[in-house]
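These notes concern the structure reproduced below.
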Amino acid sequence: MSKILIIEDEVSIAELEKDYLELSGFEVDMEHSGDTGLEKALKKDFDLIILDLMLPGIDGFEICRRIREKKNIPVLMVSAKKEDIDKIRGLGMGADDYITKPFSPSELVARVKAHLARYERLIGSAVRSNEIIEIRGLKIDKTARRVYVNGEEKAFTTKEFDLLTFLAENPNHVFKKEELFNKIWDMESLGDIATVTVHIKKIREKIELNTSKPQYIETIWGVGYRFKV
């Protein structure tokens with residue numbers, strides 16, 4: 001049974017989310033402040049975290065950032081704030097998804113299931129020997145899910161790693177944002193393709209010497225992205 005932590009200060013919303021998730025077979029824990037939520041998220045083992053953005057104490061952005069320093073589990077950020085800048089900031093902090101209130105509980109459950117299924121497939125696959133991709137100083141260890149740039153390890157979120165690996169495994173092929181979103185996030189009807197742009201930006205910051213002149217991931221204006229070899 002997958003364990004989920006809900007960090008949400010509106011008790012009625014948290015309890016509604018909890019009820020629907022438990023009906024779907026999940027074990028659910030709740031916290032209603034940023035401080036206690038962060039403490040529990042770091043101390044206990046959860047398979048996924050549903051994180052509200054506006055919380056008393058520590059806000060969702062900071063909580064997400066600090067979770068990402070320690071753990072690589074899926075984080076779904078929830079907020080009534082609809083501005084693109086908040087979505088971009090949340091995804092940039094390492095969130096795997098951003099859901100805008102109000103939303104239907106069934107949509108939340110669908111997203112939770114999709115993220116858990118993908119994460120479990122990634123960590124549950126048994127590989128006998130490490131699969132390595134090496135291109136001009138960039139080393140991607142697919143088995144250990146680690147990335148090195150000129151020998152220095154860089155920290156990647158689950159989706160950042162998946163996106164980089166997919167592009168590197170399909171060099172010189174131009175992919176539309178919609179194609180990348182459907183391939184990596186595995187949810188054709190849910191989410192926002194702006195997620196792809198945000199993740200490409202974060203990847204470039206980690207692997208490129210000069211993000212304005214990328215040597216690995218090129219932007220093909222009006223079309224999408226291409227990994228150059």
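Scheme for the structure tokens: letters A, B, ... for chains in order shown; per-chain residue numbers from 1; ligand numbers from 1 in order shown.
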
Open item on the list: List the spatial neighbours of A:Ile88 as a PyMOL selection string - criterion: any atom at most 10 Å away, only C-alpha atoms, same-chain residues fewer than 2 positions off excluded.
Closed with: chain A and resi 83-86+90-93+95+98+194-195+197-199

Per residue of stretch 41-152 of chain A within 10 Å of stretch 215-224 of chain A, record the nearest atom pair and its distance in Å to one decimal, counting only C-alpha atoms, with rows in chain order and ascending residue number, as a Markdown table.
```
| residue | atom | partner | partner_atom | distance |
| --- | --- | --- | --- | --- |
| A:Ile135 | CA | A:Tyr216 | CA | 8.8 |
| A:Arg136 | CA | A:Tyr216 | CA | 8.9 |
| A:Leu138 | CA | A:Tyr216 | CA | 9.0 |
```

Restrict the selected residues to N, CA, C and O atoms and save them as an mmCIF file, in the first residue's frame.
```cif
data_model
loop_
_atom_site.group_PDB
_atom_site.id
_atom_site.type_symbol
_atom_site.label_atom_id
_atom_site.label_comp_id
_atom_site.auth_asym_id
_atom_site.auth_seq_id
_atom_site.Cartn_x
_atom_site.Cartn_y
_atom_site.Cartn_z
ATOM 1 N N ILE A 135 28.426 11.513 -23.563
ATOM 2 C CA ILE A 135 28.502 12.416 -24.714
ATOM 3 C C ILE A 135 29.242 13.691 -24.302
ATOM 4 O O ILE A 135 28.753 14.464 -23.477
ATOM 5 N N ARG A 136 30.443 13.880 -24.828
ATOM 6 C CA ARG A 136 31.213 15.116 -24.640
ATOM 7 C C ARG A 136 31.210 15.612 -23.201
ATOM 8 O O ARG A 136 30.794 16.733 -22.912
ATOM 9 N N LEU A 138 29.414 14.686 -20.714
ATOM 10 C CA LEU A 138 28.152 14.398 -20.026
ATOM 11 C C LEU A 138 28.015 12.888 -19.868
ATOM 12 O O LEU A 138 28.082 12.146 -20.854
#
```

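If you measure from each of A:His115, A:Arg204, A:Lys70, A:Arg226 to A:Val149 using only C-alpha atoms, the closest one turns out to be A:Arg204.
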
Open item on the list: Can you tell me which residues surround A:Lys81 at a distance of at most 10 Å, considering only C-alpha atoms, apart from same-chain residues fewer than 5 positions away, and format the answer as a list of chain:residue names?
Closed with: A:Leu53, A:Met54, A:Asp86, A:Lys87, A:Ile99, A:Thr100, A:Lys101

TODO: Give the strand (DSSP E) residues of stretch 144-213 of chain A, as assigned by DSSP on the backbone, as a ChimeraX atom specification.
DONE: /A:146-149,152-154,175-176

Task: Shell of 7 Å around A:Asp96, only C-alpha atoms, local chain residues under 5 positions omitted, as a PyMOL selection string - done: chain A and resi 74-76+91+159

Would you export the selected residues with all heavy atoms as an mmCIF file, in the first residue's frame, please?
```
data_model
loop_
_atom_site.group_PDB
_atom_site.id
_atom_site.type_symbol
_atom_site.label_atom_id
_atom_site.label_comp_id
_atom_site.auth_asym_id
_atom_site.auth_seq_id
_atom_site.Cartn_x
_atom_site.Cartn_y
_atom_site.Cartn_z
ATOM 1 N N PRO A 74 7.872 11.559 -5.869
ATOM 2 C CA PRO A 74 7.015 12.540 -6.536
ATOM 3 C C PRO A 74 6.415 13.548 -5.550
ATOM 4 O O PRO A 74 5.985 13.176 -4.457
ATOM 5 C CB PRO A 74 5.916 11.674 -7.162
ATOM 6 C CG PRO A 74 6.518 10.312 -7.286
ATOM 7 C CD PRO A 74 7.430 10.168 -6.109
ATOM 8 N N VAL A 75 6.402 14.822 -5.964
ATOM 9 C CA VAL A 75 5.784 15.897 -5.185
ATOM 10 C C VAL A 75 4.758 16.592 -6.075
ATOM 11 O O VAL A 75 5.109 17.102 -7.144
ATOM 12 C CB VAL A 75 6.825 16.915 -4.687
ATOM 13 C CG1 VAL A 75 6.122 18.077 -3.979
ATOM 14 C CG2 VAL A 75 7.827 16.249 -3.752
ATOM 15 N N LEU A 76 3.487 16.586 -5.640
ATOM 16 C CA LEU A 76 2.423 17.275 -6.367
ATOM 17 C C LEU A 76 2.084 18.556 -5.619
ATOM 18 O O LEU A 76 1.619 18.503 -4.478
ATOM 19 C CB LEU A 76 1.176 16.394 -6.472
ATOM 20 C CG LEU A 76 1.142 15.360 -7.608
ATOM 21 C CD1 LEU A 76 2.270 14.346 -7.459
ATOM 22 C CD2 LEU A 76 -0.203 14.656 -7.653
ATOM 23 N N LEU A 91 7.506 24.255 -10.214
ATOM 24 C CA LEU A 91 8.168 23.197 -10.979
ATOM 25 C C LEU A 91 9.678 23.361 -10.927
ATOM 26 O O LEU A 91 10.429 22.386 -10.894
ATOM 27 C CB LEU A 91 7.677 23.219 -12.430
ATOM 28 C CG LEU A 91 6.197 22.860 -12.622
ATOM 29 C CD1 LEU A 91 5.737 23.204 -14.035
ATOM 30 C CD2 LEU A 91 5.952 21.393 -12.326
ATOM 31 N N LYS A 159 11.741 13.665 -13.061
ATOM 32 C CA LYS A 159 11.322 14.066 -14.408
ATOM 33 C C LYS A 159 12.469 14.707 -15.180
ATOM 34 O O LYS A 159 12.573 14.535 -16.407
ATOM 35 C CB LYS A 159 10.129 15.023 -14.322
ATOM 36 C CG LYS A 159 8.841 14.344 -13.849
ATOM 37 C CD LYS A 159 8.402 13.272 -14.839
ATOM 38 C CE LYS A 159 7.063 12.685 -14.473
ATOM 39 N NZ LYS A 159 7.105 11.855 -13.281
#
```

- [ ] Excluding A:Phe227 and any residue of its chain fewer than 5 positions from it, enumerate the residues within 10 Å of it, using only C-alpha atoms, and give them as number ranges by chain.
- [x] A: 164-175, 214-219

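From atom CA of A:Glu120 back to atom CA of A:Met30, the distance works out to 22.4 Å.
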
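Shortest atom-to-atom contact with A:Leu48 among A:Glu160, A:Glu152, A:Asp97, A:Asp186: A:Asp97, counting only C-alpha atoms.
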
Task: DSSP alpha helix (DSSP H) residues within stretch 64-187 of chain A, as number ranges by chain - done: A: 64-70, 84-92, 105-124, 158-169, 177-185

Open item on the list: My list of candidates is A:Glu178, A:Ala110, A:Arg89, A:Glu134. Which is closest to A:Lys201 when distances are computed with only C-alpha atoms?
Closed with: A:Arg89

- [ ] For A:Ala114, work out the shell of residues within 9 Å, counting only C-alpha atoms and skipping chain neighbours fewer than 4 positions away, then give it as a ChimeraX atom specification.
- [x] /A:109-110,118-119,185-187

- [ ] Rank nothing, just name the residue among A:Lys18, A:Lys154, A:Lys139, A:His32 nearest to A:Gly57, using only C-alpha atoms.
- [x]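 Closest candidate: A:His32.
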
For A:Gly34, list every protein, DNA or RNA residue within 12 Å, evaluated using only C-alpha atoms, and leave out those in the same chain fewer than 5 positions away; present the list as a compact mmCIF listing (two decimals) with N, CA and C atoms, in the first residue's frame.
```
# COMPACT_ATOMS: atom_id res chain seq x y z
N ILE A 6 -0.19 14.39 2.94
CA ILE A 6 -0.86 15.62 2.50
C ILE A 6 -0.44 16.75 3.45
N ILE A 7 0.14 17.80 2.90
CA ILE A 7 0.47 18.99 3.70
C ILE A 7 -0.44 20.10 3.21
N GLU A 8 -1.49 20.36 3.96
CA GLU A 8 -2.56 21.27 3.55
C GLU A 8 -3.16 21.92 4.80
N ASP A 9 -3.21 23.27 4.83
CA ASP A 9 -3.69 23.96 6.03
C ASP A 9 -5.21 24.04 6.11
N GLU A 39 8.89 18.54 8.61
CA GLU A 39 9.53 17.62 9.55
C GLU A 39 9.11 16.17 9.26
N LYS A 40 7.81 15.97 9.08
CA LYS A 40 7.32 14.61 8.82
C LYS A 40 7.79 14.10 7.46
N ALA A 41 7.80 14.98 6.46
CA ALA A 41 8.21 14.58 5.12
C ALA A 41 9.65 14.09 5.09
N LEU A 51 1.41 18.71 -1.71
CA LEU A 51 1.92 19.88 -0.99
C LEU A 51 1.19 21.15 -1.39
N ASP A 52 0.49 21.76 -0.42
CA ASP A 52 -0.15 23.05 -0.67
C ASP A 52 0.92 24.14 -0.73
N LEU A 53 0.65 25.16 -1.52
CA LEU A 53 1.64 26.22 -1.69
C LEU A 53 1.63 27.22 -0.53
N MET A 54 0.44 27.68 -0.15
CA MET A 54 0.32 28.69 0.90
C MET A 54 0.06 28.01 2.24
N LEU A 55 1.07 27.99 3.10
CA LEU A 55 0.98 27.30 4.38
C LEU A 55 1.47 28.21 5.50
N PRO A 56 0.94 28.04 6.71
CA PRO A 56 1.50 28.77 7.85
C PRO A 56 2.87 28.21 8.20
N GLY A 57 3.77 29.09 8.56
CA GLY A 57 5.13 28.66 8.89
C GLY A 57 6.00 28.70 7.66
N ILE A 58 6.34 27.56 7.12
CA ILE A 58 7.17 27.46 5.93
C ILE A 58 6.26 27.25 4.72
N ASP A 59 6.48 28.02 3.64
CA ASP A 59 5.59 27.88 2.49
C ASP A 59 5.98 26.66 1.64
N GLY A 60 5.10 26.34 0.70
CA GLY A 60 5.28 25.15 -0.11
C GLY A 60 6.54 25.17 -0.97
N PHE A 61 6.92 26.35 -1.46
CA PHE A 61 8.14 26.45 -2.27
C PHE A 61 9.36 25.97 -1.49
N GLU A 62 9.50 26.49 -0.27
CA GLU A 62 10.66 26.14 0.55
C GLU A 62 10.61 24.67 0.97
N ILE A 63 9.42 24.18 1.30
CA ILE A 63 9.29 22.77 1.66
C ILE A 63 9.72 21.88 0.51
N CYS A 64 9.26 22.20 -0.69
CA CYS A 64 9.62 21.41 -1.86
C CYS A 64 11.13 21.43 -2.08
N ARG A 66 13.50 21.84 0.08
CA ARG A 66 14.21 21.08 1.11
C ARG A 66 13.94 19.58 1.00
```

Show me a table, sorted first by chain and then by increasing residue number, of the residues of stretch 111-227 of chain A having an atom at most 10 Å from stretch 1-4 of chain A, each with its shortest atom pair and the distance in Å to one decimal, counting only C-alpha atoms and written as a tab-separated table.
```
residue	atom	partner	partner_atom	distance
A:Val112	CA	A:Ile4	CA	9.2
A:Lys113	CA	A:Ser2	CA	9.9
A:Leu116	CA	A:Ser2	CA	8.4
```

Mind writing the picked residues with all heavy atoms as a compact mmCIF listing (two decimals), in the first residue's frame?
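Written output follows (result_23.txt):
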```txt
# COMPACT_ATOMS: atom_id res chain seq x y z
N VAL A 112 -2.19 11.28 -8.94
CA VAL A 112 -1.41 10.53 -7.95
C VAL A 112 -1.07 9.15 -8.50
O VAL A 112 0.09 8.70 -8.44
CB VAL A 112 -2.18 10.41 -6.62
CG1 VAL A 112 -1.55 9.34 -5.73
CG2 VAL A 112 -2.21 11.75 -5.91
N LYS A 113 -2.04 8.47 -9.06
CA LYS A 113 -1.82 7.12 -9.59
C LYS A 113 -0.81 7.14 -10.74
O LYS A 113 0.06 6.27 -10.84
CB LYS A 113 -3.14 6.51 -10.06
CG LYS A 113 -4.06 6.10 -8.93
CD LYS A 113 -5.34 5.47 -9.49
CE LYS A 113 -6.24 4.97 -8.36
NZ LYS A 113 -7.49 4.38 -8.89
N LEU A 116 2.76 7.80 -9.32
CA LEU A 116 3.25 6.64 -8.57
C LEU A 116 3.59 5.49 -9.50
O LEU A 116 4.61 4.81 -9.33
CB LEU A 116 2.20 6.20 -7.55
CG LEU A 116 2.12 7.03 -6.26
CD1 LEU A 116 0.93 6.57 -5.43
CD2 LEU A 116 3.40 6.91 -5.45
```
